[in-house]
Each structure stands twice: as structure tokens, then as C-alpha cells.
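Structure file data_30.cif; described as mmCIF, N, CA and C atoms.
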data_target
#
loop_
_atom_site.label_atom_id
_atom_site.label_comp_id
_atom_site.auth_asym_id
_atom_site.auth_seq_id
_atom_site.Cartn_x
_atom_site.Cartn_y
_atom_site.Cartn_z
N MET A 24 213.27 -58.11 70.95
CA MET A 24 211.95 -57.66 71.36
C MET A 24 212.03 -56.29 72.02
N GLY A 25 213.10 -56.01 72.80
CA GLY A 25 213.25 -54.73 73.46
C GLY A 25 213.29 -53.58 72.47
N PHE A 26 213.88 -53.81 71.27
CA PHE A 26 213.95 -52.79 70.24
C PHE A 26 212.55 -52.37 69.81
N PHE A 27 211.65 -53.34 69.60
CA PHE A 27 210.30 -53.03 69.15
C PHE A 27 209.49 -52.33 70.24
N LYS A 28 209.71 -52.72 71.50
CA LYS A 28 209.03 -52.04 72.61
C LYS A 28 209.44 -50.57 72.63
N SER A 29 210.74 -50.31 72.44
CA SER A 29 211.23 -48.94 72.44
C SER A 29 210.68 -48.18 71.24
N LEU A 30 210.71 -48.83 70.09
CA LEU A 30 210.29 -48.20 68.85
C LEU A 30 208.80 -47.87 68.84
N PHE A 31 207.98 -48.79 69.36
CA PHE A 31 206.54 -48.62 69.28
C PHE A 31 205.91 -48.24 70.61
N GLY A 32 206.71 -47.81 71.57
CA GLY A 32 206.16 -47.30 72.83
C GLY A 32 205.58 -48.37 73.74
N GLY A 33 206.23 -49.51 73.84
CA GLY A 33 205.77 -50.57 74.73
C GLY A 33 205.96 -50.17 76.18
N ALA A 34 205.76 -51.12 77.06
CA ALA A 34 205.87 -50.88 78.51
C ALA A 34 207.24 -50.31 78.84
N LYS A 35 207.25 -49.36 79.78
CA LYS A 35 208.50 -48.75 80.20
C LYS A 35 209.28 -49.71 81.08
N GLU A 36 210.59 -49.64 80.98
CA GLU A 36 211.46 -50.48 81.82
C GLU A 36 211.33 -50.04 83.27
N GLU A 37 211.28 -51.00 84.17
CA GLU A 37 211.26 -50.72 85.60
C GLU A 37 212.68 -50.42 86.06
N ALA A 38 212.82 -49.57 87.06
CA ALA A 38 214.13 -49.32 87.65
C ALA A 38 214.62 -50.60 88.30
N PRO A 39 215.92 -50.86 88.27
CA PRO A 39 216.42 -52.08 88.90
C PRO A 39 216.08 -52.10 90.38
N ALA A 40 215.78 -53.28 90.90
CA ALA A 40 215.43 -53.42 92.32
C ALA A 40 216.65 -53.12 93.18
N VAL A 41 216.40 -52.51 94.32
CA VAL A 41 217.46 -52.25 95.29
C VAL A 41 217.61 -53.51 96.14
N VAL A 42 218.84 -54.00 96.25
CA VAL A 42 219.09 -55.16 97.10
C VAL A 42 219.18 -54.65 98.53
N THR A 43 218.28 -55.13 99.39
CA THR A 43 218.22 -54.62 100.75
C THR A 43 218.78 -55.63 101.75
N GLU A 44 219.20 -55.12 102.90
CA GLU A 44 219.67 -55.95 104.00
C GLU A 44 218.67 -55.90 105.13
N LYS A 45 218.57 -56.98 105.88
CA LYS A 45 217.62 -57.08 106.99
C LYS A 45 217.88 -55.96 108.00
N ASN A 46 216.78 -55.39 108.52
CA ASN A 46 216.82 -54.34 109.55
C ASN A 46 217.63 -53.12 109.14
N THR A 47 217.63 -52.80 107.86
CA THR A 47 218.34 -51.63 107.35
C THR A 47 217.34 -50.69 106.70
N VAL A 48 217.43 -49.40 107.04
CA VAL A 48 216.57 -48.38 106.46
C VAL A 48 217.45 -47.54 105.54
N TYR A 49 217.06 -47.44 104.28
CA TYR A 49 217.81 -46.68 103.29
C TYR A 49 217.23 -45.27 103.19
N SER A 50 218.01 -44.35 102.67
CA SER A 50 217.54 -42.97 102.54
C SER A 50 216.37 -42.89 101.56
N PRO A 51 215.31 -42.17 101.93
CA PRO A 51 214.17 -42.04 101.02
C PRO A 51 214.37 -40.97 99.94
N LEU A 52 215.48 -40.25 100.01
CA LEU A 52 215.76 -39.24 98.99
C LEU A 52 217.20 -38.79 99.12
N LYS A 53 217.71 -38.18 98.05
CA LYS A 53 219.06 -37.63 98.07
C LYS A 53 219.00 -36.26 98.70
N GLY A 54 220.03 -35.95 99.49
CA GLY A 54 220.08 -34.64 100.11
C GLY A 54 221.07 -34.60 101.25
N THR A 55 221.02 -33.52 102.00
CA THR A 55 221.92 -33.32 103.13
C THR A 55 221.25 -33.81 104.41
N VAL A 56 221.92 -34.72 105.10
CA VAL A 56 221.38 -35.28 106.35
C VAL A 56 221.57 -34.26 107.47
N ILE A 57 220.52 -34.11 108.27
CA ILE A 57 220.53 -33.19 109.41
C ILE A 57 220.28 -34.03 110.67
N PRO A 58 221.14 -33.91 111.69
CA PRO A 58 220.91 -34.67 112.92
C PRO A 58 219.54 -34.34 113.52
N LEU A 59 218.92 -35.33 114.10
CA LEU A 59 217.59 -35.17 114.68
C LEU A 59 217.53 -33.98 115.63
N ALA A 60 218.54 -33.82 116.46
CA ALA A 60 218.56 -32.74 117.46
C ALA A 60 218.54 -31.35 116.83
N GLU A 61 218.90 -31.24 115.55
CA GLU A 61 218.96 -29.94 114.87
C GLU A 61 217.70 -29.60 114.07
N ILE A 62 216.71 -30.49 114.08
CA ILE A 62 215.46 -30.20 113.37
C ILE A 62 214.68 -29.18 114.19
N ALA A 63 214.20 -28.14 113.53
CA ALA A 63 213.55 -27.02 114.20
C ALA A 63 212.09 -27.32 114.57
N ASP A 64 211.85 -28.49 115.13
CA ASP A 64 210.52 -28.88 115.60
C ASP A 64 210.74 -29.86 116.74
N GLY A 65 210.30 -29.48 117.94
CA GLY A 65 210.53 -30.28 119.13
C GLY A 65 209.99 -31.70 119.06
N VAL A 66 208.90 -31.91 118.34
CA VAL A 66 208.36 -33.27 118.21
C VAL A 66 209.42 -34.20 117.62
N PHE A 67 210.20 -33.69 116.69
CA PHE A 67 211.26 -34.50 116.07
C PHE A 67 212.56 -34.40 116.85
N SER A 68 213.01 -33.16 117.14
CA SER A 68 214.33 -32.98 117.75
C SER A 68 214.43 -33.60 119.14
N GLU A 69 213.32 -33.70 119.85
CA GLU A 69 213.33 -34.32 121.18
C GLU A 69 213.10 -35.82 121.12
N GLY A 70 212.94 -36.37 119.93
CA GLY A 70 212.80 -37.81 119.76
C GLY A 70 211.44 -38.37 120.18
N ILE A 71 210.43 -37.51 120.26
CA ILE A 71 209.10 -37.95 120.70
C ILE A 71 208.56 -39.03 119.77
N LEU A 72 208.85 -38.93 118.48
CA LEU A 72 208.38 -39.92 117.51
C LEU A 72 209.41 -41.01 117.25
N GLY A 73 210.49 -41.03 118.02
CA GLY A 73 211.52 -42.06 117.85
C GLY A 73 212.78 -41.51 117.21
N GLN A 74 213.67 -42.44 116.90
CA GLN A 74 214.95 -42.08 116.31
C GLN A 74 214.76 -41.71 114.85
N GLY A 75 215.70 -40.94 114.32
CA GLY A 75 215.62 -40.57 112.91
C GLY A 75 216.60 -39.48 112.56
N CYS A 76 216.31 -38.78 111.50
CA CYS A 76 217.14 -37.67 111.04
C CYS A 76 216.28 -36.79 110.15
N GLY A 77 216.82 -35.67 109.77
CA GLY A 77 216.19 -34.80 108.79
C GLY A 77 217.01 -34.86 107.52
N ILE A 78 216.39 -34.54 106.40
CA ILE A 78 217.11 -34.50 105.13
C ILE A 78 216.66 -33.26 104.38
N ARG A 79 217.61 -32.42 104.00
CA ARG A 79 217.31 -31.27 103.15
C ARG A 79 217.44 -31.79 101.72
N PRO A 80 216.32 -31.91 100.99
CA PRO A 80 216.33 -32.62 99.70
C PRO A 80 217.10 -31.93 98.58
N ASP A 81 217.76 -32.78 97.78
CA ASP A 81 218.43 -32.35 96.55
C ASP A 81 217.75 -32.98 95.34
N CYS A 82 216.57 -33.53 95.54
CA CYS A 82 215.87 -34.22 94.45
C CYS A 82 214.39 -33.91 94.53
N SER A 83 213.61 -34.53 93.66
CA SER A 83 212.20 -34.15 93.57
C SER A 83 211.22 -35.25 93.92
N VAL A 84 211.69 -36.34 94.54
CA VAL A 84 210.76 -37.42 94.90
C VAL A 84 211.23 -38.13 96.15
N VAL A 85 210.25 -38.49 96.99
CA VAL A 85 210.50 -39.30 98.18
C VAL A 85 210.20 -40.74 97.81
N THR A 86 211.11 -41.66 98.15
CA THR A 86 210.93 -43.08 97.84
C THR A 86 210.82 -43.90 99.11
N SER A 87 210.36 -45.12 98.97
CA SER A 87 210.29 -46.01 100.12
C SER A 87 211.71 -46.37 100.55
N PRO A 88 212.00 -46.26 101.86
CA PRO A 88 213.34 -46.58 102.35
C PRO A 88 213.54 -48.07 102.66
N VAL A 89 212.50 -48.88 102.43
CA VAL A 89 212.55 -50.31 102.74
C VAL A 89 211.59 -51.07 101.82
N ASP A 90 211.75 -52.39 101.79
CA ASP A 90 210.72 -53.25 101.22
C ASP A 90 209.68 -53.41 102.31
N GLY A 91 208.40 -53.21 102.00
CA GLY A 91 207.40 -53.34 103.04
C GLY A 91 206.01 -52.99 102.57
N THR A 92 205.20 -52.50 103.51
CA THR A 92 203.80 -52.18 103.26
C THR A 92 203.51 -50.77 103.74
N ILE A 93 202.77 -50.00 102.95
CA ILE A 93 202.36 -48.67 103.38
C ILE A 93 201.34 -48.86 104.50
N SER A 94 201.69 -48.39 105.69
CA SER A 94 200.83 -48.58 106.86
C SER A 94 199.90 -47.40 107.07
N GLN A 95 200.26 -46.25 106.53
CA GLN A 95 199.36 -45.10 106.60
C GLN A 95 199.79 -44.01 105.64
N VAL A 96 198.82 -43.24 105.20
CA VAL A 96 199.05 -41.99 104.48
C VAL A 96 198.21 -40.98 105.24
N ALA A 97 198.85 -39.96 105.78
CA ALA A 97 198.12 -38.97 106.58
C ALA A 97 197.00 -38.33 105.76
N ASP A 98 195.90 -38.03 106.44
CA ASP A 98 194.78 -37.35 105.77
C ASP A 98 195.24 -36.07 105.09
N THR A 99 196.25 -35.42 105.67
CA THR A 99 196.78 -34.19 105.10
C THR A 99 197.87 -34.46 104.06
N LYS A 100 198.11 -35.73 103.76
CA LYS A 100 198.97 -36.19 102.67
C LYS A 100 200.44 -35.81 102.81
N HIS A 101 200.85 -35.27 103.93
CA HIS A 101 202.23 -34.81 104.12
C HIS A 101 203.12 -35.86 104.77
N ALA A 102 202.56 -37.00 105.13
CA ALA A 102 203.34 -38.03 105.82
C ALA A 102 202.89 -39.41 105.36
N VAL A 103 203.88 -40.31 105.26
CA VAL A 103 203.61 -41.69 104.85
C VAL A 103 204.29 -42.61 105.86
N GLY A 104 203.56 -43.60 106.33
CA GLY A 104 204.13 -44.61 107.21
C GLY A 104 204.38 -45.88 106.42
N VAL A 105 205.53 -46.50 106.66
CA VAL A 105 205.90 -47.75 105.99
C VAL A 105 206.32 -48.75 107.06
N THR A 106 205.81 -49.97 106.99
CA THR A 106 206.26 -51.04 107.86
C THR A 106 207.10 -51.98 107.01
N SER A 107 208.35 -52.16 107.41
CA SER A 107 209.25 -53.01 106.62
C SER A 107 208.86 -54.47 106.78
N LYS A 108 209.35 -55.30 105.87
CA LYS A 108 209.06 -56.72 105.95
C LYS A 108 209.70 -57.33 107.20
N ASP A 109 210.64 -56.60 107.83
CA ASP A 109 211.27 -57.04 109.07
C ASP A 109 210.56 -56.49 110.30
N GLY A 110 209.48 -55.71 110.10
CA GLY A 110 208.70 -55.17 111.21
C GLY A 110 209.10 -53.79 111.69
N LEU A 111 210.07 -53.14 111.02
CA LEU A 111 210.44 -51.77 111.38
C LEU A 111 209.33 -50.82 110.95
N GLU A 112 208.99 -49.87 111.80
CA GLU A 112 207.98 -48.87 111.46
C GLU A 112 208.67 -47.55 111.19
N ILE A 113 208.43 -46.99 110.01
CA ILE A 113 209.10 -45.77 109.58
C ILE A 113 208.06 -44.73 109.21
N LEU A 114 208.25 -43.52 109.70
CA LEU A 114 207.39 -42.40 109.32
C LEU A 114 208.22 -41.45 108.47
N ILE A 115 207.74 -41.17 107.28
CA ILE A 115 208.38 -40.18 106.41
C ILE A 115 207.46 -38.96 106.44
N HIS A 116 207.95 -37.89 107.06
CA HIS A 116 207.17 -36.67 107.26
C HIS A 116 207.76 -35.61 106.34
N VAL A 117 206.99 -35.12 105.40
CA VAL A 117 207.50 -34.18 104.39
C VAL A 117 207.36 -32.75 104.89
N GLY A 118 208.51 -32.11 105.15
CA GLY A 118 208.54 -30.72 105.56
C GLY A 118 208.18 -30.49 107.01
N LEU A 119 208.35 -29.23 107.41
CA LEU A 119 207.98 -28.78 108.76
C LEU A 119 206.79 -27.84 108.61
N ASP A 120 205.92 -27.87 109.59
CA ASP A 120 204.71 -27.03 109.56
C ASP A 120 203.81 -27.36 108.36
N THR A 121 203.85 -28.60 107.90
CA THR A 121 203.08 -28.97 106.71
C THR A 121 201.67 -29.47 107.05
N VAL A 122 201.39 -29.79 108.30
CA VAL A 122 200.05 -30.22 108.68
C VAL A 122 199.05 -29.12 108.35
N ALA A 123 199.45 -27.87 108.60
CA ALA A 123 198.56 -26.72 108.36
C ALA A 123 198.23 -26.54 106.88
N MET A 124 199.00 -27.16 105.99
CA MET A 124 198.72 -27.04 104.56
C MET A 124 197.50 -27.87 104.16
N ASN A 125 197.06 -28.75 105.07
CA ASN A 125 195.85 -29.55 104.88
C ASN A 125 195.80 -30.27 103.52
N GLY A 126 196.93 -30.81 103.11
CA GLY A 126 196.99 -31.59 101.88
C GLY A 126 197.28 -30.81 100.62
N LYS A 127 197.21 -29.47 100.71
CA LYS A 127 197.44 -28.65 99.52
C LYS A 127 198.88 -28.85 99.00
N GLY A 128 198.98 -29.21 97.73
CA GLY A 128 200.29 -29.39 97.11
C GLY A 128 200.88 -30.78 97.27
N PHE A 129 200.19 -31.69 97.95
CA PHE A 129 200.71 -33.03 98.15
C PHE A 129 199.92 -34.04 97.33
N THR A 130 200.64 -34.91 96.64
CA THR A 130 200.00 -35.94 95.82
C THR A 130 200.71 -37.27 96.07
N PRO A 131 200.32 -38.00 97.12
CA PRO A 131 200.96 -39.29 97.37
C PRO A 131 200.75 -40.24 96.19
N LEU A 132 201.76 -41.05 95.91
CA LEU A 132 201.69 -42.03 94.82
C LEU A 132 201.38 -43.42 95.36
N VAL A 133 201.14 -43.52 96.66
CA VAL A 133 200.85 -44.79 97.31
C VAL A 133 199.61 -44.62 98.18
N LYS A 134 199.04 -45.76 98.58
CA LYS A 134 197.90 -45.73 99.50
C LYS A 134 198.11 -46.81 100.55
N GLU A 135 197.38 -46.70 101.65
CA GLU A 135 197.49 -47.67 102.73
C GLU A 135 197.26 -49.08 102.19
N GLY A 136 198.15 -49.99 102.60
CA GLY A 136 198.04 -51.38 102.18
C GLY A 136 198.90 -51.73 100.98
N ASP A 137 199.40 -50.73 100.25
CA ASP A 137 200.26 -51.00 99.09
C ASP A 137 201.54 -51.69 99.54
N LYS A 138 201.96 -52.70 98.79
CA LYS A 138 203.27 -53.33 98.98
C LYS A 138 204.26 -52.50 98.18
N VAL A 139 205.39 -52.15 98.80
CA VAL A 139 206.39 -51.33 98.12
C VAL A 139 207.76 -51.97 98.22
N LYS A 140 208.57 -51.70 97.24
CA LYS A 140 209.97 -52.10 97.23
C LYS A 140 210.81 -50.88 97.55
N CYS A 141 211.94 -51.10 98.14
CA CYS A 141 212.87 -50.02 98.45
C CYS A 141 213.18 -49.26 97.15
N GLY A 142 213.03 -47.95 97.19
CA GLY A 142 213.28 -47.12 96.01
C GLY A 142 212.03 -46.76 95.23
N LYS A 143 210.87 -47.34 95.59
CA LYS A 143 209.62 -47.00 94.88
C LYS A 143 209.21 -45.57 95.23
N SER A 144 208.83 -44.80 94.23
CA SER A 144 208.37 -43.43 94.44
C SER A 144 207.10 -43.43 95.29
N CYS A 145 207.09 -42.57 96.32
CA CYS A 145 205.92 -42.46 97.21
C CYS A 145 205.27 -41.09 97.14
N CYS A 146 206.08 -40.04 96.94
CA CYS A 146 205.54 -38.69 96.99
C CYS A 146 206.46 -37.73 96.23
N PRO A 147 205.97 -37.12 95.15
CA PRO A 147 206.80 -36.13 94.45
C PRO A 147 206.91 -34.84 95.26
N LEU A 148 208.04 -34.17 95.13
CA LEU A 148 208.26 -32.91 95.85
C LEU A 148 208.17 -31.70 94.94
N THR A 149 208.14 -31.88 93.66
CA THR A 149 208.13 -30.75 92.73
C THR A 149 206.86 -29.93 92.88
N GLY A 150 207.01 -28.63 92.81
CA GLY A 150 205.87 -27.73 92.88
C GLY A 150 205.31 -27.55 94.27
N ARG A 151 205.98 -28.02 95.28
CA ARG A 151 205.48 -27.91 96.65
C ARG A 151 205.73 -26.51 97.19
N PRO A 152 204.75 -25.95 97.81
CA PRO A 152 204.94 -24.64 98.43
C PRO A 152 205.50 -24.78 99.86
N LEU A 153 206.59 -25.54 100.00
CA LEU A 153 207.16 -25.77 101.33
C LEU A 153 208.02 -24.58 101.76
N GLN A 154 207.73 -24.05 102.91
CA GLN A 154 208.54 -22.97 103.46
C GLN A 154 209.78 -23.54 104.15
N ARG A 155 209.62 -24.70 104.77
CA ARG A 155 210.72 -25.34 105.52
C ARG A 155 210.82 -26.78 105.04
N PRO A 156 211.60 -27.03 103.98
CA PRO A 156 211.58 -28.31 103.30
C PRO A 156 212.41 -29.44 103.92
N VAL A 157 212.73 -29.38 105.20
CA VAL A 157 213.46 -30.48 105.82
C VAL A 157 212.52 -31.67 105.94
N ILE A 158 213.00 -32.86 105.60
CA ILE A 158 212.19 -34.06 105.64
C ILE A 158 212.58 -34.88 106.87
N PRO A 159 211.85 -34.79 107.98
CA PRO A 159 212.17 -35.64 109.12
C PRO A 159 211.81 -37.08 108.80
N MET A 160 212.70 -37.98 109.20
CA MET A 160 212.43 -39.40 108.97
C MET A 160 212.81 -40.18 110.19
#

Written as C-alpha cells, how would this file's structure read?
Amino acid sequence: MGFFKSLFGGAKEEAPAVVTEKNTVYSPLKGTVIPLAEIADGVFSEGILGQGCGIRPDCSVVTSPVDGTISQVADTKHAVGVTSKDGLEILIHVGLDTVAMNGKGFTPLVKEGDKVKCGKSCCPLTGRPLQRPVIPM
């Protein structure tokens, strides 16, 4: 049956599910990890929003770092909140100084209330006019 789906353009295969461990947050994208203290924004580097890190991306999409529920998508579309099934609250903030972009160039693939699996695409990065593309998480 898979041959005919491929031949005649049937449903696309889903990416294999990521096997997750309790109370574990996985990286939302591939890239270079930057210690929180080195992020050039005091809100993050001083830990005002909690523990985390920055990531200089080597890929073009941000994914969910946990199995959970989208708890918020910022009005300016530059940040996504995810609550894990274990109750961990995670903020994925795309870039620095991105609030001022007022949503320009951001196209979230999720909305508040969506159930997500670890590895699900949440926000593409391609074509973004980011001046400072560090992703605080």
C-alpha cells in the first residue's frame, strides 16, 4: 500500500515520534548553545524569566522541546510558550529585539491550546529579517 501512496501522492509520512523522558526539555533546534549569562539582553542573561540558554541556529525551524500544550503565542508572533505534560513551562523566544518587529516575518505553525509532540515544527526561521538571531529558551 505504501508504494501506491508514494506513486499517487497519498498522505505524507509523519516524522518518527521522539521518545521523551519525564521532566526533560529537548533542544528546539540545532545550533550552538550559548550560556544564559552570555545572551546580550539582561532580561535573559540575568535570569529574570528563569533558567535557560541561547541557541545560535544552524537550521530553519523551531520545534517543540517537549510533549505538551501550546500555552501562548505572543501577539507579535516572536515567542511561543509550551507547557509540558509534566507541568514544565517553557518559553521559546525567537531572536533578540524581535518585539519591535511587531510580528513582521513571523509565521507560527501552532496556536494556543494545540497539543504538540516533541519535535513538532512550531515556527519556521527562513526568510526572517533577524539582526540578532540568538534564540533564548

TODO: Kindly give the distance, in Å, that separates atom C of Val84 (chain A) and CA of Ile71 (chain A), rounded to a single decimal.
DONE: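 Computed distance, atom C of Val84 (chain A) to CA of Ile71 (chain A), equals 24.6 Å.
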
TODO: List every protein, DNA or RNA residue with an atom no more than 6 Å from (208.4, -54.2, 99.7) in the file's coordinates, counting only N, CA and C atoms, and format the result as a list in words.
DONE: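 Residues close enough to count: Val89, Asp90, Gly91, Thr92, Lys138, Val139, Lys140 and Cys141 of chain A.
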
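When the PyMOL selection byres ((chain A and resi 53-69) around 6.5) is evaluated against the file, it yields A:Ser50, A:Pro51, A:Leu52, A:Gly70, A:Ile71, A:Leu72, A:Gly75, A:Cys76, A:Gly77, A:Ile78, A:Arg79, A:Pro80, A:Asp81, A:Cys82.
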
Just write the chosen residues, N, CA and C atoms, as a PDB file, in the coordinates of the input.
ATOM      1  N   SER A  50     218.010 -44.350 102.670  1.00  0.00           N
ATOM      2  CA  SER A  50     217.540 -42.970 102.540  1.00  0.00           C
ATOM      3  C   SER A  50     216.370 -42.890 101.560  1.00  0.00           C
ATOM      4  N   PRO A  51     215.310 -42.170 101.930  1.00  0.00           N
ATOM      5  CA  PRO A  51     214.170 -42.040 101.020  1.00  0.00           C
ATOM      6  C   PRO A  51     214.370 -40.970  99.940  1.00  0.00           C
ATOM      7  N   LEU A  52     215.480 -40.250 100.010  1.00  0.00           N
ATOM      8  CA  LEU A  52     215.760 -39.240  98.990  1.00  0.00           C
ATOM      9  C   LEU A  52     217.200 -38.790  99.120  1.00  0.00           C
ATOM     10  N   GLY A  70     212.940 -36.370 119.930  1.00  0.00           N
ATOM     11  CA  GLY A  70     212.800 -37.810 119.760  1.00  0.00           C
ATOM     12  C   GLY A  70     211.440 -38.370 120.180  1.00  0.00           C
ATOM     13  N   ILE A  71     210.430 -37.510 120.260  1.00  0.00           N
ATOM     14  CA  ILE A  71     209.100 -37.950 120.700  1.00  0.00           C
ATOM     15  C   ILE A  71     208.560 -39.030 119.770  1.00  0.00           C
ATOM     16  N   LEU A  72     208.850 -38.930 118.480  1.00  0.00           N
ATOM     17  CA  LEU A  72     208.380 -39.920 117.510  1.00  0.00           C
ATOM     18  C   LEU A  72     209.410 -41.010 117.250  1.00  0.00           C
ATOM     19  N   GLY A  75     215.700 -40.940 114.320  1.00  0.00           N
ATOM     20  CA  GLY A  75     215.620 -40.570 112.910  1.00  0.00           C
ATOM     21  C   GLY A  75     216.600 -39.480 112.560  1.00  0.00           C
ATOM     22  N   CYS A  76     216.310 -38.780 111.500  1.00  0.00           N
ATOM     23  CA  CYS A  76     217.140 -37.670 111.040  1.00  0.00           C
ATOM     24  C   CYS A  76     216.280 -36.790 110.150  1.00  0.00           C
ATOM     25  N   GLY A  77     216.820 -35.670 109.770  1.00  0.00           N
ATOM     26  CA  GLY A  77     216.190 -34.800 108.790  1.00  0.00           C
ATOM     27  C   GLY A  77     217.010 -34.860 107.520  1.00  0.00           C
ATOM     28  N   ILE A  78     216.390 -34.540 106.400  1.00  0.00           N
ATOM     29  CA  ILE A  78     217.110 -34.500 105.130  1.00  0.00           C
ATOM     30  C   ILE A  78     216.660 -33.260 104.380  1.00  0.00           C
ATOM     31  N   ARG A  79     217.610 -32.420 104.000  1.00  0.00           N
ATOM     32  CA  ARG A  79     217.310 -31.270 103.150  1.00  0.00           C
ATOM     33  C   ARG A  79     217.440 -31.790 101.720  1.00  0.00           C
ATOM     34  N   PRO A  80     216.320 -31.910 100.990  1.00  0.00           N
ATOM     35  CA  PRO A  80     216.330 -32.620  99.700  1.00  0.00           C
ATOM     36  C   PRO A  80     217.100 -31.930  98.580  1.00  0.00           C
ATOM     37  N   ASP A  81     217.760 -32.780  97.780  1.00  0.00           N
ATOM     38  CA  ASP A  81     218.430 -32.350  96.550  1.00  0.00           C
ATOM     39  C   ASP A  81     217.750 -32.980  95.340  1.00  0.00           C
ATOM     40  N   CYS A  82     216.570 -33.530  95.540  1.00  0.00           N
ATOM     41  CA  CYS A  82     215.870 -34.220  94.450  1.00  0.00           C
ATOM     42  C   CYS A  82     214.390 -33.910  94.530  1.00  0.00           C
TER      43      CYS A  82
END

- [ ] Could you find all residues in region 104-145 of chain A that DSSP calls strand (DSSP E or B) from the backbone, and write them as JSON, numbers by chain?
- [x] {"A": [104, 105, 106, 107, 112, 113, 114, 115, 116, 138, 139, 144, 145]}

Open item on the list: Between atom C of Glu112 (chain A) and CA of Ser83 (chain A), what is the distance in Å, rounded to a tenth?
Closed with: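 CA of Ser83 (chain A) lies 22.4 Å from atom C of Glu112 (chain A).
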
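A straight line drawn from atom C of Lys100 (chain A) to atom C of Ile113 (chain A) is 13.4 Å long.
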
TODO: Tell me which of A:Val103, A:Val122, A:Leu114, A:Ile93 sits closest to Gly136 (chain A), counting only C-alpha atoms.
DONE: A:Ile93

Task: Selected residue, from A:Thr99, A:Ser94, A:Thr106, A:Ser144, that lies nearest to Met124 (chain A) when counting all atoms listed in the file - done: A:Thr99

- [ ] Might you spell out which residues the PyMOL selection byres ((chain A and resi 102) around 8) would select in the displayed file, as a ChimeraX atom specification?
- [x] /A:95-101,103-105,114-118,121-122

Task: Result set of the PyMOL selection byres (((chain A and resi 129-133 and name CA) around 6) and name CA) on the coordinates above, as a list in words - done: Lys100, Gly126, Lys127, Gly128, Lys134, Cys145 and Cys146 of chain A

Open item on the list: I'd like to know which residues of region 64-122 of chain A are helix (DSSP H, G or I) (by DSSP, run on the backbone); could you write them as a list in words?
Closed with: Gly65, Val66, Phe67, Ser68 and Val122 of chain A

Once you add 8 Å to each side, what are the centre and edge lengths of the axis-aligned box holding all listed atoms of region 60-74 of chain A? One decimal in Å, as AutoDock Vina command-line options, if you can.
--center_x 213.7 --center_y -34.7 --center_z 117.3 --size_x 26.6 --size_y 31.4 --size_z 23.8
